[in-house]
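Peer 1: Got a structure for you, questions after.
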Amino acid sequence: MIWALRVWGISSAFLVVTAFLPSLQLWSRAEAARSSRFDFSRSMVLLSEMDIREHSDVGTLMRAERSNGLPSFQEAPAFRNGVECPMTRSTISEPYAICDAASVHIAMTLDAAYLRGSIAAVYSVVKHATCPENIVFHFLLCERDKELKDLVTLTFPYLRFKVYYFVENLVKNRISLSVRQDLEQPLNYARNYLADILELCIHKVIYLDSDLVVVDDIAKLWEAKLGNSSLGAPEYCHANFTKYFTDAFWSNMTFANAFDGRKPCYFNTGVMVMDLLKWRQHNFTSKIESWMDVQKVTRIYELGSLPPFLLVFAGSVKAIEHRWNQHGLGGDNVLGSCRPLHPGPASLLHWSGKGKPWMRLDSGCPCPLDSLWAPYDLSIKGKHHKVDGNEASELHSHFRHWASSA
C-alpha cells in the first residue's frame, strides 16, 4: 500500500494560522507513525488527504466545476455546536485531529453520478445534528474524481472531512454481473475495506449511502450499543431471506450450511454502524472477499455488494430501530416505482432501489416522497424544481407526525 498525505493550505475560517502549525506538525508525525504500523499485505494503493481549506482560488475551482460537467452547488450555511456539546481536540488545540472520544465518524463514497445525493445527505446530517462540529466525514472516491473534493470544500467550508482515494483494481476482478449496472461499480465495495482504510485509532464508524437524508440527530445512531456484535443495522426478519440467493446456493449444502446456528434476517448495507476493532480482529474483509470469489465460480446471488454481507453477518447483527433506515423509497431494482413511507417514526429516509429523487425531479415526474428529499438539494439546478404544493404539504404534515413519534 502506498499511503500519501498532501496538506494544501489553511483557511482563514480557522483562527490564526501560526497557532495551528505545531498541532499540524504533530498530526503529520502521528500519521506517519500510524502508516508505518499499517498492514501492507493487501494489494491496495490508497492516497489520503486531510481537508485543510484554502479559498484563495475559489474562482478557479468554480470555473473548473463548470467545465467538467459536474453540478453547481450553493454554499451551505455554517452549523455550530450547541453549548452542551463536548469539545473535541480539533476545536481546542489540534485543529485537524480526528481521533478523539468526542468525534462522530461517518464514512461515505463520492462519485459524479451520485454527487447530488451525497451533498444532500451531508447537508441533512449537519443540519439536524446537535453537535455538527464534532462530526468527521470520511469520503472514499476514485482518484479520477479528485475534483469532487474541491466541490465538497466549496459547498461546506466548515466541514471536518478527510478524503481517501480508493483503487478500483482492488475489487474489479471480484465483481460479478448484477441486476443493475450501477451496482457493479467498484466504489460500491469500498465499504468492505473501511477497517483497513481508516486510521487505526478510529474504532467505530457509521457508513451511509449517498441516496438518503437524515432527519434526526445522527449522534443518536452513533450511540447505539453493539454489544458483542461487529455490526449494527435495522433488521427486517419478515423479508423472504431465501430470495437473496440463487437455487445453486441453496442446493449446495456446503454453501447453505453457512447459516447453520444463525437466524439470518435481511438488513440493508446502506446504513450500518461498524465496530472496526472487531472487524480487524476477525478479518471480516477477507471473509467477504472469499464469498465474492465463490460467486465468480458459481453464481450464488444476483444483487451486488449486499449478499456477501448477509453471508458473513446475517444472524449476528445488532438490531437497530427501523426508524434509522426507511429504505426502498427508490422503488424496485427494475422499474424504480413510487413507494410510500413505512408505518412508524422516521429518522432516516433512504431512496434505495433504482429510482433516485434528483433524477425523477429533473425528469419532471417525481414521486410524492421525493418532496421530502428536495429541501436538502443544494444544487443550483435543483432550486428550479417545483413539487405539487398540496400533495407536498400533506406529505410533510404526515411526515412530521411520524418523525416526532416515540
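Order determines the names: the first chain of the C-alpha cells is A, the second B, and so forth; residues in each chain are numbered 1 upward, and ligands are numbered 1 upward as they are shown.
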Where in region 77-316 of chain A does DSSP assign helix (DSSP H, G or I), given as a PyMOL selection string?
Peer 2: chain A and resi 89-91+112-128+132-134+143-145+147-155+168-170+172-174+181-184+186-197+218-222+241-244+247-250+253-259+276-282+284-297+306-313
Peer 1: Can you tell me, as number ranges by chain, what residues are no more than 6 Å from region 333-343 of chain A when counting only C-alpha atoms, ignoring any on the same chain fewer than 5 positions away?
Peer 2: A: 353-355, 367
Peer 1: Using DSSP assignments from the backbone, pull out every residue in region 259-294 of chain A that falls under strand (DSSP E) and give it to me as a PyMOL selection string.
Peer 2: chain A and resi 266-267+271-275
Peer 1: Between CA of Pro234 (chain A) and CA of Leu348 (chain A), measure the distance and give it in Å to one decimal.
Peer 2: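 According to the coordinates, CA of Pro234 (chain A) and CA of Leu348 (chain A) are separated by 11.2 Å.
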Peer 1: Sorted by chain and rising residue number, list the residues of region 219-246 of chain A at most 6 Å from region 272-285 of chain A (counting only C-alpha atoms), each with its closest atom pair and distance in Å to one decimal, as CSV.
Peer 2:
```
residue,atom,partner,partner_atom,distance
A:Ser230,CA,A:Asp275,CA,5.0
A:Leu231,CA,A:Met274,CA,4.7
A:Gly232,CA,A:Val273,CA,4.9
A:Ala233,CA,A:Met272,CA,5.0
```
Peer 1: Write to file, as an mmCIF file, in the first residue's frame, the residues of the selection just made, with N, CA, C and O atoms.
Peer 2:
```cif
data_model
loop_
_atom_site.group_PDB
_atom_site.id
_atom_site.type_symbol
_atom_site.label_atom_id
_atom_site.label_comp_id
_atom_site.auth_asym_id
_atom_site.auth_seq_id
_atom_site.Cartn_x
_atom_site.Cartn_y
_atom_site.Cartn_z
ATOM 1 N N SER A 230 -20.366 -7.083 15.713
ATOM 2 C CA SER A 230 -19.417 -6.256 14.970
ATOM 3 C C SER A 230 -20.116 -5.229 14.096
ATOM 4 O O SER A 230 -19.476 -4.306 13.594
ATOM 5 N N LEU A 231 -21.417 -5.391 13.941
ATOM 6 C CA LEU A 231 -22.163 -4.550 13.006
ATOM 7 C C LEU A 231 -23.573 -4.357 13.525
ATOM 8 O O LEU A 231 -24.211 -5.301 14.010
ATOM 9 N N GLY A 232 -24.072 -3.131 13.441
ATOM 10 C CA GLY A 232 -25.447 -2.831 13.808
ATOM 11 C C GLY A 232 -26.199 -2.229 12.636
ATOM 12 O O GLY A 232 -25.638 -1.421 11.882
ATOM 13 N N ALA A 233 -27.454 -2.614 12.472
ATOM 14 C CA ALA A 233 -28.288 -2.110 11.376
ATOM 15 C C ALA A 233 -29.736 -2.476 11.668
ATOM 16 O O ALA A 233 -30.003 -3.450 12.388
#
```
Peer 1: Quick check, in Å to one decimal: how far apart do CA of Lys225 (chain A) and CA of His327 (chain A) lie?
Peer 2: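 The value is 21.8 Å.
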Peer 1: Using 6 Å as the limit and counting only C-alpha atoms, can you tabulate each residue of region 115-146 of chain A that touches region 155-174 of chain A, with its shortest atom-to-atom distance in Å and the two atoms involved, as a tab-separated table?
Peer 2:
```
residue	atom	partner	partner_atom	distance
A:Val136	CA	A:Arg160	CA	5.1
A:Phe137	CA	A:Phe161	CA	4.5
A:His138	CA	A:Lys162	CA	5.0
A:Phe139	CA	A:Val163	CA	4.9
A:Leu140	CA	A:Tyr164	CA	4.9
A:Leu141	CA	A:Tyr165	CA	5.1
A:Cys142	CA	A:Tyr165	CA	5.1
A:Glu143	CA	A:Tyr165	CA	5.3
```
Peer 1: Using only C-alpha atoms, pick whichever of A:Ile300, A:Leu198, A:Leu115, A:Val152 has the shortest atom-to-atom distance to Cys99 (chain A).
Peer 2: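 Checking each candidate against Cys99 (chain A), we get A:Leu198 as the closest.
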Peer 1: Set the distance at 10 Å and use only C-alpha atoms: which residues neighbour Phe259 (chain A) once local chain neighbours fewer than 3 positions away are removed? I'd like the list as an MDAnalysis selection string.
Peer 2: chainID A and resid 255:256 262:264 310:315
Peer 1: Would you export the selected residues with all heavy atoms as a compact mmCIF listing (two decimals), in the first residue's frame, please?
Peer 2:
```txt
# COMPACT_ATOMS: atom_id res chain seq x y z
N PHE A 255 -22.59 -24.49 0.82
CA PHE A 255 -22.95 -23.07 0.85
C PHE A 255 -24.07 -22.81 1.83
O PHE A 255 -23.99 -21.90 2.68
CB PHE A 255 -23.36 -22.60 -0.54
CG PHE A 255 -22.28 -22.71 -1.58
CD1 PHE A 255 -22.60 -22.80 -2.93
CD2 PHE A 255 -20.94 -22.72 -1.22
CE1 PHE A 255 -21.61 -22.89 -3.89
CE2 PHE A 255 -19.94 -22.81 -2.18
CZ PHE A 255 -20.28 -22.90 -3.52
N ALA A 256 -25.15 -23.58 1.71
CA ALA A 256 -26.35 -23.35 2.54
C ALA A 256 -26.04 -23.48 4.03
O ALA A 256 -26.66 -22.81 4.86
CB ALA A 256 -27.45 -24.32 2.14
N ARG A 262 -27.44 -19.90 12.99
CA ARG A 262 -27.83 -18.49 12.95
C ARG A 262 -29.29 -18.38 12.51
O ARG A 262 -29.80 -19.25 11.83
CB ARG A 262 -26.97 -17.70 11.98
CG ARG A 262 -25.51 -17.58 12.39
CD ARG A 262 -24.79 -16.57 11.50
NE ARG A 262 -24.33 -17.15 10.24
CZ ARG A 262 -23.92 -16.44 9.19
NH1 ARG A 262 -23.96 -15.12 9.24
NH2 ARG A 262 -23.49 -17.03 8.10
N LYS A 263 -29.94 -17.32 12.91
CA LYS A 263 -31.27 -17.00 12.42
C LYS A 263 -31.14 -15.74 11.55
O LYS A 263 -31.32 -14.62 12.03
CB LYS A 263 -32.24 -16.76 13.58
CG LYS A 263 -32.49 -18.01 14.41
CD LYS A 263 -33.49 -17.73 15.54
CE LYS A 263 -33.76 -18.99 16.35
NZ LYS A 263 -34.70 -18.74 17.47
N PRO A 264 -30.81 -15.94 10.28
CA PRO A 264 -30.48 -14.78 9.43
C PRO A 264 -31.70 -13.93 9.09
O PRO A 264 -32.77 -14.44 8.79
CB PRO A 264 -29.89 -15.42 8.18
CG PRO A 264 -30.53 -16.78 8.10
CD PRO A 264 -30.72 -17.21 9.53
N LEU A 310 -24.58 -10.33 3.88
CA LEU A 310 -25.56 -11.23 4.50
C LEU A 310 -24.90 -12.55 4.89
O LEU A 310 -25.16 -13.08 5.98
CB LEU A 310 -26.72 -11.48 3.55
CG LEU A 310 -27.59 -10.27 3.17
CD1 LEU A 310 -28.68 -10.69 2.18
CD2 LEU A 310 -28.20 -9.62 4.40
N LEU A 311 -24.07 -13.08 4.02
CA LEU A 311 -23.41 -14.36 4.30
C LEU A 311 -22.50 -14.28 5.52
O LEU A 311 -22.41 -15.23 6.30
CB LEU A 311 -22.60 -14.80 3.07
CG LEU A 311 -23.43 -15.37 1.92
CD1 LEU A 311 -22.66 -15.32 0.61
CD2 LEU A 311 -23.85 -16.80 2.24
N VAL A 312 -21.85 -13.15 5.70
CA VAL A 312 -20.90 -13.02 6.81
C VAL A 312 -21.60 -12.60 8.10
O VAL A 312 -21.26 -13.10 9.18
CB VAL A 312 -19.79 -12.01 6.45
CG1 VAL A 312 -18.88 -11.75 7.65
CG2 VAL A 312 -18.95 -12.55 5.28
N PHE A 313 -22.61 -11.71 8.01
CA PHE A 313 -23.14 -11.10 9.23
C PHE A 313 -24.57 -11.47 9.59
O PHE A 313 -24.95 -11.34 10.77
CB PHE A 313 -23.05 -9.57 9.11
CG PHE A 313 -21.65 -9.04 9.06
CD1 PHE A 313 -21.11 -8.59 7.86
CD2 PHE A 313 -20.87 -9.00 10.20
CE1 PHE A 313 -19.82 -8.10 7.81
CE2 PHE A 313 -19.57 -8.52 10.16
CZ PHE A 313 -19.04 -8.07 8.96
N ALA A 314 -25.39 -11.88 8.63
CA ALA A 314 -26.81 -12.12 8.93
C ALA A 314 -26.95 -13.14 10.06
O ALA A 314 -26.35 -14.21 10.03
CB ALA A 314 -27.55 -12.60 7.68
N GLY A 315 -27.75 -12.78 11.04
CA GLY A 315 -27.92 -13.63 12.21
C GLY A 315 -27.05 -13.21 13.38
O GLY A 315 -27.24 -13.70 14.50
```
Peer 1: Show me, as a PyMOL selection string, the residues that have an atom within 12 Å of Pro307 (chain A) when counting only C-alpha atoms, minus same-chain residues fewer than 2 positions from it.
Peer 2: chain A and resi 176+178+189+241-246+249+264-269+288-289+291-292+294-295+299-305+309-314
Peer 1: Excluding Trp351 (chain A) and any residue of its chain fewer than 5 positions from it, enumerate the residues within 8 Å of it, using only C-alpha atoms, and give them as a PyMOL selection string.
Peer 2: chain A and resi 211-212+327-331+356-357
Peer 1: Go ahead and save the picked residues with N, CA, C and O atoms, as an mmCIF file, in the first residue's frame.
Peer 2:
```cif
data_model
loop_
_atom_site.group_PDB
_atom_site.id
_atom_site.type_symbol
_atom_site.label_atom_id
_atom_site.label_comp_id
_atom_site.auth_asym_id
_atom_site.auth_seq_id
_atom_site.Cartn_x
_atom_site.Cartn_y
_atom_site.Cartn_z
ATOM 1 N N ASP A 211 -27.829 8.027 -1.260
ATOM 2 C CA ASP A 211 -29.207 8.284 -1.698
ATOM 3 C C ASP A 211 -30.163 8.346 -0.511
ATOM 4 O O ASP A 211 -31.235 7.768 -0.525
ATOM 5 N N LEU A 212 -29.762 9.086 0.513
ATOM 6 C CA LEU A 212 -30.584 9.186 1.720
ATOM 7 C C LEU A 212 -30.471 10.575 2.328
ATOM 8 O O LEU A 212 -29.569 11.342 2.003
ATOM 9 N N HIS A 327 -35.996 2.404 4.151
ATOM 10 C CA HIS A 327 -35.366 2.140 2.860
ATOM 11 C C HIS A 327 -36.404 1.751 1.806
ATOM 12 O O HIS A 327 -37.591 1.643 2.086
ATOM 13 N N GLY A 328 -35.908 1.566 0.575
ATOM 14 C CA GLY A 328 -36.772 1.127 -0.519
ATOM 15 C C GLY A 328 -37.556 2.237 -1.174
ATOM 16 O O GLY A 328 -38.407 1.971 -2.041
ATOM 17 N N LEU A 329 -37.300 3.508 -0.829
ATOM 18 C CA LEU A 329 -38.089 4.611 -1.384
ATOM 19 C C LEU A 329 -37.771 4.863 -2.853
ATOM 20 O O LEU A 329 -38.489 5.603 -3.519
ATOM 21 N N GLY A 330 -36.704 4.251 -3.360
ATOM 22 C CA GLY A 330 -36.381 4.362 -4.783
ATOM 23 C C GLY A 330 -37.109 3.343 -5.638
ATOM 24 O O GLY A 330 -36.887 3.287 -6.857
ATOM 25 N N GLY A 331 -37.969 2.534 -5.023
ATOM 26 C CA GLY A 331 -38.709 1.528 -5.781
ATOM 27 C C GLY A 331 -37.894 0.276 -6.000
ATOM 28 O O GLY A 331 -36.844 0.077 -5.393
ATOM 29 N N LYS A 356 -33.967 7.405 -8.180
ATOM 30 C CA LYS A 356 -33.305 8.378 -7.321
ATOM 31 C C LYS A 356 -34.055 9.708 -7.396
ATOM 32 O O LYS A 356 -34.456 10.149 -8.481
ATOM 33 N N PRO A 357 -34.245 10.381 -6.271
ATOM 34 C CA PRO A 357 -35.110 11.574 -6.266
ATOM 35 C C PRO A 357 -34.619 12.690 -7.171
ATOM 36 O O PRO A 357 -35.437 13.365 -7.807
#
```
Peer 1: Take CA of Ile380 (chain A) and CA of Pro71 (chain A) and report the distance between them in Å, one decimal.
Peer 2: 7.6 Å
Peer 1: From the set A:Pro375, A:Gly69, A:Pro308, A:Pro345, which residue has the shortest atom-to-atom contact distance to Asn192 (chain A), counting only C-alpha atoms?
Peer 2: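 Smallest separation from Asn192 (chain A) among the options: A:Pro308.
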Peer 1: Looking at A:Tyr114, A:Trp250, A:Tyr123, A:Tyr193, which one is nearest to Ala374 (chain A), with distances taken over only C-alpha atoms?
Peer 2: A:Tyr123
